[in-house]
$ cat upload_26.cif   # mmCIF, C-alpha atoms (C1' of nucleotides)
data_coords
loop_
_atom_site.label_atom_id
_atom_site.label_comp_id
_atom_site.auth_asym_id
_atom_site.auth_seq_id
_atom_site.Cartn_x
_atom_site.Cartn_y
_atom_site.Cartn_z
CA MET A 1 2.78 16.98 40.14
CA ILE A 2 4.49 13.69 40.90
CA LEU A 3 4.85 11.36 37.95
CA THR A 4 6.49 7.99 37.70
CA LEU A 5 7.34 6.23 34.45
CA GLU A 6 8.27 2.64 33.79
CA VAL A 7 11.60 2.92 32.04
CA ASP A 8 11.75 -0.79 31.22
CA GLY A 9 8.14 -1.18 30.15
CA ASP A 10 6.88 -1.85 26.67
CA VAL A 11 4.97 1.43 26.53
CA PRO A 12 7.02 4.31 25.06
CA LEU A 13 8.04 6.96 27.58
CA TYR A 14 6.29 9.80 25.77
CA GLN A 15 3.10 7.71 25.65
CA GLN A 16 3.27 6.95 29.37
CA LEU A 17 3.83 10.62 30.09
CA ARG A 18 0.87 11.57 27.92
CA ASP A 19 -1.30 8.96 29.68
CA ARG A 20 -0.35 10.14 33.16
CA ILE A 21 -1.19 13.74 32.29
CA VAL A 22 -4.52 12.75 30.74
CA GLU A 23 -5.32 10.85 33.92
CA ALA A 24 -4.32 13.85 36.01
CA ILE A 25 -6.76 16.00 34.05
CA ALA A 26 -9.55 13.45 34.43
CA ASP A 27 -8.76 13.08 38.13
CA GLY A 28 -9.11 16.80 38.63
CA ARG A 29 -5.51 17.13 39.73
CA LEU A 30 -5.05 19.39 36.72
CA HIS A 31 -7.56 22.05 35.74
CA VAL A 32 -8.04 24.44 32.86
CA GLY A 33 -5.45 27.18 33.19
CA ASP A 34 -2.97 25.04 35.10
CA SER A 35 0.56 25.03 33.79
CA LEU A 36 2.56 21.91 33.16
CA PRO A 37 6.25 21.96 34.04
CA ALA A 38 8.59 23.33 31.42
CA THR A 39 9.87 20.62 29.10
CA ARG A 40 13.45 21.02 30.27
CA GLN A 41 12.39 20.99 33.90
CA LEU A 42 10.16 17.92 33.62
CA ALA A 43 12.77 16.10 31.59
CA ALA A 44 15.34 16.77 34.30
CA ASP A 45 12.95 15.67 37.04
CA LEU A 46 12.12 12.44 35.24
CA GLY A 47 15.67 11.82 34.14
CA ILE A 48 14.70 11.68 30.50
CA ASN A 49 15.42 13.74 27.43
CA MET A 50 13.78 17.08 26.71
CA HIS A 51 12.61 15.89 23.30
CA THR A 52 10.74 12.99 24.83
CA VAL A 53 8.73 15.38 27.00
CA ASN A 54 8.31 17.57 23.95
CA LYS A 55 6.78 14.67 22.06
CA ALA A 56 4.31 13.98 24.85
CA TYR A 57 3.30 17.64 25.01
CA ASP A 58 2.90 17.72 21.25
CA LEU A 59 0.58 14.73 21.47
CA LEU A 60 -1.53 16.47 24.11
CA ARG A 61 -1.63 19.61 22.00
CA ARG A 62 -2.84 17.71 18.95
CA GLU A 63 -5.48 16.08 21.14
CA GLY A 64 -6.68 19.53 22.11
CA LEU A 65 -5.90 19.10 25.78
CA ILE A 66 -3.19 21.70 26.22
CA ARG A 67 -2.01 24.91 24.62
CA LEU A 68 1.66 25.46 23.95
CA ALA A 69 3.31 28.84 23.74
CA ARG A 70 6.73 30.25 24.28
CA ARG A 71 7.44 31.75 27.62
CA THR A 72 3.95 30.75 28.83
CA GLY A 73 4.68 27.06 28.56
CA ALA A 74 2.12 24.28 28.44
CA VAL A 75 -1.30 25.12 29.80
CA VAL A 76 -4.33 22.90 30.19
CA ILE A 77 -7.19 24.12 27.99
CA ARG A 78 -9.59 21.20 28.28
CA ASP A 79 -11.11 19.29 31.13
CA ALA A 80 -14.41 17.60 31.79
CA PHE A 81 -16.15 20.93 32.28
CA THR A 82 -14.85 22.90 29.35
CA GLY A 83 -17.64 22.01 26.97
CA PRO A 84 -18.60 19.39 24.45
CA PRO A 85 -15.74 17.76 22.57
CA PRO A 86 -15.22 18.36 18.84
CA ALA A 87 -17.22 16.15 16.50
CA GLY A 88 -15.71 12.77 15.84
CA VAL A 89 -13.85 12.55 19.13
CA ALA A 90 -16.50 10.39 20.72
CA ASP A 91 -16.76 7.99 17.79
CA GLU A 92 -13.01 7.67 17.50
CA TRP A 93 -12.85 6.95 21.21
CA GLU A 94 -15.61 4.38 21.00
CA GLU A 95 -13.73 2.45 18.38
CA ARG A 96 -10.80 1.96 20.72
CA ALA A 97 -13.15 1.22 23.59
CA ARG A 98 -14.70 -1.52 21.53
CA THR A 99 -11.34 -3.23 21.14
CA LEU A 100 -10.62 -3.03 24.85
CA LEU A 101 -14.07 -4.29 25.80
CA ALA A 102 -13.78 -7.13 23.28
CA GLU A 103 -10.61 -8.19 25.04
CA ALA A 104 -12.37 -8.26 28.39
CA VAL A 105 -15.22 -10.37 27.04
CA ALA A 106 -12.94 -12.69 25.05
CA LYS A 107 -10.91 -13.34 28.17
CA GLY A 108 -14.02 -14.31 30.05
CA LEU A 109 -14.59 -11.33 32.27
CA ASP A 110 -18.18 -11.16 33.36
CA PRO A 111 -19.87 -8.38 31.35
CA SER A 112 -21.70 -7.10 34.39
CA ASP A 113 -18.39 -7.04 36.26
CA VAL A 114 -16.93 -5.02 33.42
CA THR A 115 -19.85 -2.62 33.65
CA HIS A 116 -19.35 -2.22 37.36
CA ARG A 117 -15.63 -1.61 37.03
CA VAL A 118 -16.21 1.00 34.33
CA GLN A 119 -18.84 2.66 36.46
CA ARG A 120 -16.60 2.69 39.48
CA ILE A 121 -13.77 4.26 37.52
CA LEU A 122 -16.02 6.92 36.03
CA ASP A 123 -17.49 7.69 39.44
CA GLY A 124 -13.98 8.19 40.72
CA PHE A 125 -13.50 11.12 38.39
CA PRO A 126 -14.81 14.45 39.67
CA ALA A 127 -16.94 14.88 36.55
CA GLY A 128 -18.24 11.36 36.83
CA SER A 129 -19.95 11.75 40.18
CA SER A 130 -22.95 13.62 38.87
CA VAL A 131 -24.93 13.30 35.70
CA ARG A 132 -24.12 16.26 33.49
CA PRO A 133 -26.57 16.63 30.59
CA THR A 134 -25.44 20.18 29.82
CA PRO A 135 -21.86 21.34 30.40
CA GLU A 136 -21.35 23.64 33.36
CA ARG A 137 -19.07 26.69 33.39
CA MET B 138 -12.90 -14.92 8.26
CA ILE B 139 -12.45 -11.60 6.47
CA LEU B 140 -9.88 -9.29 8.00
CA THR B 141 -8.66 -5.93 6.87
CA LEU B 142 -5.57 -4.17 8.18
CA GLU B 143 -4.47 -0.58 7.86
CA VAL B 144 -1.04 -0.84 6.32
CA ASP B 145 -0.32 2.88 6.69
CA GLY B 146 -1.67 3.23 10.22
CA ASP B 147 0.35 3.87 13.34
CA VAL B 148 -0.72 0.59 14.92
CA PRO B 149 1.66 -2.30 14.19
CA LEU B 150 0.28 -4.92 11.83
CA TYR B 151 0.63 -7.77 14.32
CA GLN B 152 -1.22 -5.69 16.91
CA GLN B 153 -4.05 -4.93 14.51
CA LEU B 154 -4.29 -8.59 13.62
CA ARG B 155 -4.39 -9.56 17.27
CA ASP B 156 -7.08 -6.95 17.93
CA ARG B 157 -9.25 -8.12 15.03
CA ILE B 158 -9.10 -11.72 16.23
CA VAL B 159 -9.90 -10.74 19.81
CA GLU B 160 -12.92 -8.85 18.50
CA ALA B 161 -13.97 -11.83 16.43
CA ILE B 162 -13.91 -13.99 19.55
CA ALA B 163 -15.91 -11.46 21.53
CA ASP B 164 -18.34 -11.07 18.65
CA GLY B 165 -18.95 -14.79 18.62
CA ARG B 166 -17.64 -15.11 15.09
CA LEU B 167 -14.95 -17.37 16.55
CA HIS B 168 -15.71 -20.03 19.13
CA VAL B 169 -13.73 -22.45 21.24
CA GLY B 170 -12.41 -25.16 18.99
CA ASP B 171 -12.41 -23.02 15.86
CA SER B 172 -9.22 -22.99 13.87
CA LEU B 173 -7.49 -19.87 12.69
CA PRO B 174 -5.92 -19.90 9.24
CA ALA B 175 -2.42 -21.27 8.97
CA THR B 176 0.19 -18.56 9.39
CA ARG B 177 1.44 -18.92 5.82
CA GLN B 178 -2.07 -18.89 4.44
CA LEU B 179 -3.20 -15.85 6.39
CA ALA B 180 0.00 -14.02 5.58
CA ALA B 181 -0.56 -14.65 1.90
CA ASP B 182 -4.21 -13.56 2.12
CA LEU B 183 -3.30 -10.34 3.89
CA GLY B 184 -0.27 -9.69 1.77
CA ILE B 185 2.05 -9.58 4.75
CA ASN B 186 4.91 -11.67 6.05
CA MET B 187 4.46 -15.00 7.79
CA HIS B 188 6.44 -13.82 10.82
CA THR B 189 4.09 -10.92 11.35
CA VAL B 190 1.16 -13.32 11.60
CA ASN B 191 3.31 -15.53 13.79
CA LYS B 192 3.87 -12.64 16.17
CA ALA B 193 0.15 -11.96 16.42
CA TYR B 194 -0.60 -15.63 17.10
CA ASP B 195 2.13 -15.72 19.72
CA LEU B 196 0.54 -12.74 21.45
CA LEU B 197 -2.83 -14.48 21.49
CA ARG B 198 -1.23 -17.62 22.84
CA ARG B 199 0.45 -15.74 25.67
CA GLU B 200 -2.89 -14.12 26.43
CA GLY B 201 -4.40 -17.57 26.76
CA LEU B 202 -6.83 -17.13 23.91
CA ILE B 203 -5.51 -19.73 21.50
CA ARG B 204 -3.52 -22.92 21.51
CA LEU B 205 -0.73 -23.44 19.01
CA ALA B 206 0.44 -26.81 17.82
CA ARG B 207 2.10 -28.23 14.78
CA ARG B 208 -0.12 -29.71 12.17
CA THR B 209 -3.21 -28.72 14.21
CA GLY B 210 -2.54 -25.03 13.79
CA ALA B 211 -4.02 -22.25 15.90
CA VAL B 212 -7.20 -23.12 17.77
CA VAL B 213 -9.36 -20.89 19.97
CA ILE B 214 -9.37 -22.13 23.55
CA ARG B 215 -11.05 -19.23 25.30
CA ASP B 216 -14.25 -17.30 24.76
CA ALA B 217 -16.79 -15.60 26.95
CA PHE B 218 -18.26 -18.94 28.03
CA THR B 219 -15.15 -20.90 28.80
CA GLY B 220 -14.99 -20.01 32.45
CA PRO B 221 -13.60 -17.38 34.77
CA PRO B 222 -10.33 -15.77 33.67
CA PRO B 223 -7.07 -16.39 35.54
CA ALA B 224 -6.45 -14.19 38.56
CA GLY B 225 -4.98 -10.81 37.78
CA VAL B 226 -6.43 -10.58 34.30
CA ALA B 227 -9.31 -8.41 35.42
CA ASP B 228 -7.14 -6.02 37.40
CA GLU B 229 -4.62 -5.70 34.63
CA TRP B 230 -7.45 -4.97 32.22
CA GLU B 231 -8.96 -2.40 34.54
CA GLU B 232 -5.73 -0.47 34.65
CA ARG B 233 -5.80 0.01 30.91
CA ALA B 234 -9.50 0.76 31.01
CA ARG B 235 -8.80 3.52 33.49
CA THR B 236 -6.45 5.24 31.08
CA LEU B 237 -8.94 5.02 28.23
CA LEU B 238 -11.79 6.27 30.40
CA ALA B 239 -9.64 9.11 31.68
CA GLU B 240 -9.09 10.18 28.12
CA ALA B 241 -12.81 10.24 27.45
CA VAL B 242 -13.48 12.35 30.52
CA ALA B 243 -10.53 14.67 29.93
CA LYS B 244 -11.75 15.31 26.41
CA GLY B 245 -15.13 16.29 27.72
CA LEU B 246 -17.24 13.28 26.83
CA ASP B 247 -20.29 13.14 29.00
CA PRO B 248 -19.72 10.36 31.58
CA SER B 249 -23.26 9.10 31.17
CA ASP B 250 -22.73 9.04 27.42
CA VAL B 251 -19.59 7.00 28.00
CA THR B 252 -21.56 4.61 30.17
CA HIS B 253 -24.19 4.21 27.49
CA ARG B 254 -21.65 3.60 24.77
CA VAL B 255 -19.87 0.99 26.88
CA GLN B 256 -23.17 -0.68 27.66
CA ARG B 257 -24.21 -0.72 24.04
CA ILE B 258 -20.90 -2.26 22.99
CA LEU B 259 -21.12 -4.92 25.68
CA ASP B 260 -24.72 -5.69 24.77
CA GLY B 261 -23.59 -6.17 21.20
CA PHE B 262 -21.45 -9.11 22.24
CA PRO B 263 -23.26 -12.45 22.49
CA ALA B 264 -22.12 -12.87 26.08
CA GLY B 265 -23.13 -9.33 26.95
CA SER B 266 -26.82 -9.72 26.21
CA SER B 267 -27.64 -11.55 29.39
CA VAL B 268 -26.34 -11.29 32.89
CA ARG B 269 -24.16 -14.28 33.56
CA PRO B 270 -23.39 -14.73 37.27
CA THR B 271 -22.22 -18.30 36.72
CA PRO B 272 -20.50 -19.41 33.51
CA GLU B 273 -22.59 -21.59 31.22
CA ARG B 274 -21.32 -24.67 29.37
"C1'" DT C 275 6.12 -41.75 3.79
"C1'" DC C 276 4.37 -37.35 2.67
"C1'" DT C 277 2.48 -33.14 3.69
"C1'" DT C 278 0.97 -29.65 6.62
"C1'" DT C 279 1.92 -26.53 10.21
"C1'" DG C 280 4.24 -24.35 13.87
"C1'" DT C 281 9.17 -23.24 15.29
"C1'" DT C 282 13.60 -21.45 14.92
"C1'" DA C 283 17.54 -19.15 12.78
"C1'" DT C 284 19.80 -15.73 10.04
"C1'" DA C 285 19.81 -11.47 7.83
"C1'" DG C 286 18.60 -7.13 6.08
"C1'" DT C 287 15.74 -2.74 5.67
"C1'" DT C 288 12.88 0.66 7.49
"C1'" DT C 289 10.73 3.05 11.15
"C1'" DT C 290 10.31 4.35 15.86
"C1'" DT C 291 12.15 5.64 20.16
"C1'" DC C 292 15.34 8.00 22.86
"C1'" DT C 293 19.23 10.72 23.55
"C1'" DA C 294 22.48 14.75 22.78
"C1'" DG C 295 23.80 19.33 21.69
"C1'" DA C 296 22.97 23.53 19.61
"C1'" DA C 297 20.71 27.40 17.91
"C1'" DC C 298 16.52 30.11 16.99
"C1'" DA C 299 12.27 32.85 18.21
"C1'" DA C 300 8.80 34.75 20.84
"C1'" DA C 301 7.30 36.97 24.88
"C1'" DG C 302 7.07 38.14 29.66
"C1'" DA C 303 10.15 40.08 33.59
"C1'" DG C 304 12.87 43.51 35.25
"C1'" DC D 305 15.38 47.84 26.08
"C1'" DT D 306 17.78 43.88 27.83
"C1'" DC D 307 17.66 39.45 29.95
"C1'" DT D 308 15.75 35.19 30.72
"C1'" DT D 309 12.58 31.68 30.13
"C1'" DT D 310 10.23 28.57 27.20
"C1'" DG D 311 8.74 26.34 23.13
"C1'" DT D 312 10.55 25.24 18.37
"C1'" DT D 313 13.57 23.50 15.05
"C1'" DC D 314 17.74 21.28 13.36
"C1'" DT D 315 21.24 17.85 13.00
"C1'" DA D 316 23.03 13.60 14.51
"C1'" DG D 317 23.42 9.23 16.39
"C1'" DA D 318 22.37 4.85 18.97
"C1'" DA D 319 19.22 1.36 20.19
"C1'" DA D 320 15.13 -1.06 19.68
"C1'" DA D 321 11.00 -2.44 17.22
"C1'" DA D 322 8.65 -3.69 13.07
"C1'" DC D 323 8.56 -5.93 8.85
"C1'" DT D 324 10.30 -8.63 5.24
"C1'" DA D 325 12.77 -12.60 3.07
"C1'" DT D 326 14.73 -17.39 2.93
"C1'" DA D 327 15.68 -21.42 4.69
"C1'" DA D 328 15.70 -25.27 7.49
"C1'" DC D 329 13.89 -28.02 11.35
"C1'" DA D 330 10.32 -30.78 13.98
"C1'" DA D 331 6.17 -32.75 15.11
"C1'" DA D 332 2.05 -34.99 13.86
"C1'" DG D 333 -1.80 -36.23 11.19
"C1'" DA D 334 -3.14 -38.20 6.39
#

$ encode --input "upload_26.cif" --output "structure tokens"
Amino acid sequence: MILTLEVDGDVPLYQQLRDRIVEAIADGRLHVGDSLPATRQLAADLGINMHTVNKAYDLLRREGLIRLARRTGAVVIRDAFTGPPPAGVADEWEERARTLLAEAVAKGLDPSDVTHRVQRILDGFPAGSSVRPTPER
Amino acid sequence: MILTLEVDGDVPLYQQLRDRIVEAIADGRLHVGDSLPATRQLAADLGINMHTVNKAYDLLRREGLIRLARRTGAVVIRDAFTGPPPAGVADEWEERARTLLAEAVAKGLDPSDVTHRVQRILDGFPAGSSVRPTPER
DNA sequence: TCTTTGTTATAGTTTTTCTAGAACAAAGAG
DNA sequence: CTCTTTGTTCTAGAAAAACTATAACAAAGA
């Protein structure tokens, strides 16, 4: 898994790392059961500290996306096909979505353009190609 | 304009303030030409420091949403009907949208549900109710 | 001229971020 | 059973960000 981080950006490294992994899961480049690199290994590869990777992994664990265990390492336990998300996840997500969408509208982006962009992004995800009323697997 | 901030949240106060104002613009509760409260006044109302408000206003200014001037104060200069956004704004927005949408998918939200939620949010904005191929006003 | 309002400067505290090194603990590999 | 790998925890420190507090400056409308 190739990851690149912006060292001089305004987004914290552990947040960027978390985001890239979330995107990898959504993209289908990571599936349930897949292992993430060991914290020490990934830290070395990225040229950052072990604890920074640790923090990103801890975030993903608290979000219910990975399982952490000694010796086994970090393993993906959630993807688009795993089943319905815990209650509250959708509403909490929507709240943040509302802020982002408000920004688009406030800045004058055409709402239908926004819709199309969102649709295109979703369609780009493996799980977004087909309507999925009931979870598979 | 009534605003409430989460003092003990993990989102910086100036960021929350910026978000609430962006939402107010998108909601149509703030229009082009409307004045925001003076920094000292708003700081006092919210029980926070003047410089924190200042930082939020400065963000909004750099985003092209308000104009700042002495004596005149902070005035909204952009809303959904002002015209097309500067080049690059849409693409920069889409990049962040992609991360947020990836999170939804990775957490198992049904893509069609995500679409519906996005649509409902957009429709809730005054500018989102009707298709707007060409800017009005 | 006075007052309002943004702007800038200085300074200090607290929290967050990132790094560094070390040791501990569980669990699979051999 | 021993060794090694991997997450976990601890301490510590540096740098940056966030927030507060005061004060003074500067422009511009009343």

$ residues_around --input "upload_26.cif" --residues "stretch 311-313 of chain D" --least-positions-apart "6" --cutoff "9 Å" --atoms "only C-alpha atoms (C1' of nucleotides)" --output "VMD selection string"
(chain A and resid 38 to 39 54 68 to 74) or (chain C and resid 297 to 300)

$ closest_residue --input "upload_26.cif" --among "C:DA283, C:DA301, C:DG295, C:DT277" --to "chain A" --atoms "only C-alpha atoms (C1' of nucleotides)"
C:DA301

$ closest_residue --input "upload_26.cif" --among "B:Leu142, B:Leu237, B:Leu259, B:Val190" --to "chain C" --atoms "only C-alpha atoms (C1' of nucleotides)"
B:Val190

$ closest_residue --input "upload_26.cif" --among "B:Thr252, B:Leu238, B:Tyr151, B:Lys244" --to "A:Ile66" --atoms "only C-alpha atoms"
B:Lys244

$ interface_residues --input "upload_26.cif" --of "chain D" --to "chain B" --cutoff "7 Å" --atoms "all atoms listed in the file" --output "PDB file with C-alpha atoms (C1' of nucleotides), in the coordinates of the input"
ATOM      1  C1'  DT D 324      10.300  -8.630   5.240  1.00  0.00           C
ATOM      2  C1'  DA D 331       6.170 -32.750  15.110  1.00  0.00           C
ATOM      3  C1'  DA D 332       2.050 -34.990  13.860  1.00  0.00           C
ATOM      4  C1'  DG D 333      -1.800 -36.230  11.190  1.00  0.00           C
TER       5       DG D 333
END

$ interface_residues --input "upload_26.cif" --of "chain A" --to "chain B" --cutoff "6 Å" --atoms "all atoms listed in the file" --output "PyMOL selection string"
chain A and resi 22-23+25-26+79-80+84-85+102-103+105-106+108+111+128

$ atom_distance --input "upload_26.cif" --atom1 "atom CA of B:Leu196" --atom2 "atom C1' of C:DC292"
25.5 Å

$ resolve_selection --input "upload_26.cif" --expression "the PyMOL selection byres ((chain C) within 12 of (chain B))" --output "list in words"
DT277, DT278, DT279, DG280, DT281, DT282, DT289 and DT290 of chain C

$ atom_distance --input "upload_26.cif" --atom1 "atom C1' of D:DG317" --atom2 "atom C1' of C:DT288"
16.2 Å

$ atom_distance --input "upload_26.cif" --atom1 "atom C1' of C:DA285" --atom2 "atom CA of B:Ala181"
21.5 Å

$ residues_around --input "upload_26.cif" --residues "D:DC307" --least-positions-apart "2" --cutoff "10 Å" --atoms "only C-alpha atoms (C1' of nucleotides)" --output "MDAnalysis selection string"
(chainID C and resid 303:304) or (chainID D and resid 305 309)

$ resolve_selection --input "upload_26.cif" --expression "the PyMOL selection byres ((chain D and resi 319) around 10)" --output "compact mmCIF listing (two decimals) with C-alpha atoms (C1' of nucleotides), in the frame of the given file"
# COMPACT_ATOMS: atom_id res chain seq x y z
C1' DT C 291 12.15 5.64 20.16
C1' DC C 292 15.34 8.00 22.86
C1' DT C 293 19.23 10.72 23.55
C1' DG D 317 23.42 9.23 16.39
C1' DA D 318 22.37 4.85 18.97
C1' DA D 320 15.13 -1.06 19.68
C1' DA D 321 11.00 -2.44 17.22

$ build_atoms --input "upload_26.cif" --residues "stretch 104-131 of chain A" --atoms "N, CA and C atoms" --output "short mmCIF file (atom, residue, chain, number, x, y, z; two decimals), in the frame of the given file"
data_model
loop_
_atom_site.label_atom_id
_atom_site.label_comp_id
_atom_site.auth_asym_id
_atom_site.auth_seq_id
_atom_site.Cartn_x
_atom_site.Cartn_y
_atom_site.Cartn_z
N ALA A 104 -11.82 -7.85 27.09
CA ALA A 104 -12.37 -8.26 28.39
C ALA A 104 -13.32 -9.43 28.22
N VAL A 105 -14.22 -9.32 27.26
CA VAL A 105 -15.22 -10.37 27.04
C VAL A 105 -14.55 -11.66 26.55
N ALA A 106 -13.61 -11.51 25.61
CA ALA A 106 -12.94 -12.69 25.05
C ALA A 106 -12.18 -13.44 26.13
N LYS A 107 -11.68 -12.70 27.11
CA LYS A 107 -10.91 -13.34 28.17
C LYS A 107 -11.79 -13.88 29.29
N GLY A 108 -13.10 -13.69 29.12
CA GLY A 108 -14.02 -14.31 30.05
C GLY A 108 -14.42 -13.46 31.23
N LEU A 109 -14.11 -12.19 31.20
CA LEU A 109 -14.59 -11.33 32.27
C LEU A 109 -16.10 -11.22 32.18
N ASP A 110 -16.73 -11.27 33.32
CA ASP A 110 -18.18 -11.16 33.36
C ASP A 110 -18.58 -9.76 32.91
N PRO A 111 -19.45 -9.69 31.88
CA PRO A 111 -19.87 -8.38 31.35
C PRO A 111 -20.42 -7.45 32.42
N SER A 112 -21.15 -7.99 33.36
CA SER A 112 -21.70 -7.10 34.39
C SER A 112 -20.57 -6.63 35.31
N ASP A 113 -19.57 -7.46 35.49
CA ASP A 113 -18.39 -7.04 36.26
C ASP A 113 -17.67 -5.92 35.53
N VAL A 114 -17.57 -6.07 34.23
CA VAL A 114 -16.93 -5.02 33.42
C VAL A 114 -17.70 -3.72 33.58
N THR A 115 -19.01 -3.82 33.48
CA THR A 115 -19.85 -2.62 33.65
C THR A 115 -19.60 -1.96 34.99
N HIS A 116 -19.55 -2.78 36.03
CA HIS A 116 -19.35 -2.22 37.36
C HIS A 116 -17.99 -1.56 37.50
N ARG A 117 -16.98 -2.19 36.95
CA ARG A 117 -15.63 -1.61 37.03
C ARG A 117 -15.58 -0.28 36.29
N VAL A 118 -16.17 -0.25 35.11
CA VAL A 118 -16.21 1.00 34.33
C VAL A 118 -16.93 2.08 35.13
N GLN A 119 -18.05 1.70 35.70
CA GLN A 119 -18.84 2.66 36.46
C GLN A 119 -18.06 3.19 37.65
N ARG A 120 -17.38 2.29 38.31
CA ARG A 120 -16.60 2.69 39.48
C ARG A 120 -15.48 3.66 39.10
N ILE A 121 -14.83 3.37 37.99
CA ILE A 121 -13.77 4.26 37.52
C ILE A 121 -14.33 5.63 37.19
N LEU A 122 -15.42 5.64 36.43
CA LEU A 122 -16.02 6.92 36.03
C LEU A 122 -16.46 7.71 37.26
N ASP A 123 -17.03 7.01 38.23
CA ASP A 123 -17.49 7.69 39.44
C ASP A 123 -16.32 8.26 40.23
N GLY A 124 -15.17 7.69 40.02
CA GLY A 124 -13.98 8.19 40.72
C GLY A 124 -13.48 9.51 40.18
N PHE A 125 -13.88 9.82 38.95
CA PHE A 125 -13.50 11.12 38.39
C PHE A 125 -14.46 12.19 38.89
N PRO A 126 -13.95 13.36 39.17
CA PRO A 126 -14.81 14.45 39.67
C PRO A 126 -16.03 14.68 38.79
N ALA A 127 -15.84 14.62 37.47
CA ALA A 127 -16.94 14.88 36.55
C ALA A 127 -17.87 13.68 36.43
N GLY A 128 -17.45 12.57 36.98
CA GLY A 128 -18.24 11.36 36.83
C GLY A 128 -19.22 11.13 37.96
N SER A 129 -19.11 11.95 39.00
CA SER A 129 -19.95 11.75 40.18
C SER A 129 -21.40 12.13 39.92
N SER A 130 -21.58 13.16 39.12
CA SER A 130 -22.95 13.62 38.87
C SER A 130 -23.26 13.55 37.39
N VAL A 131 -24.50 13.28 37.09
CA VAL A 131 -24.93 13.30 35.70
C VAL A 131 -24.84 14.74 35.21
#
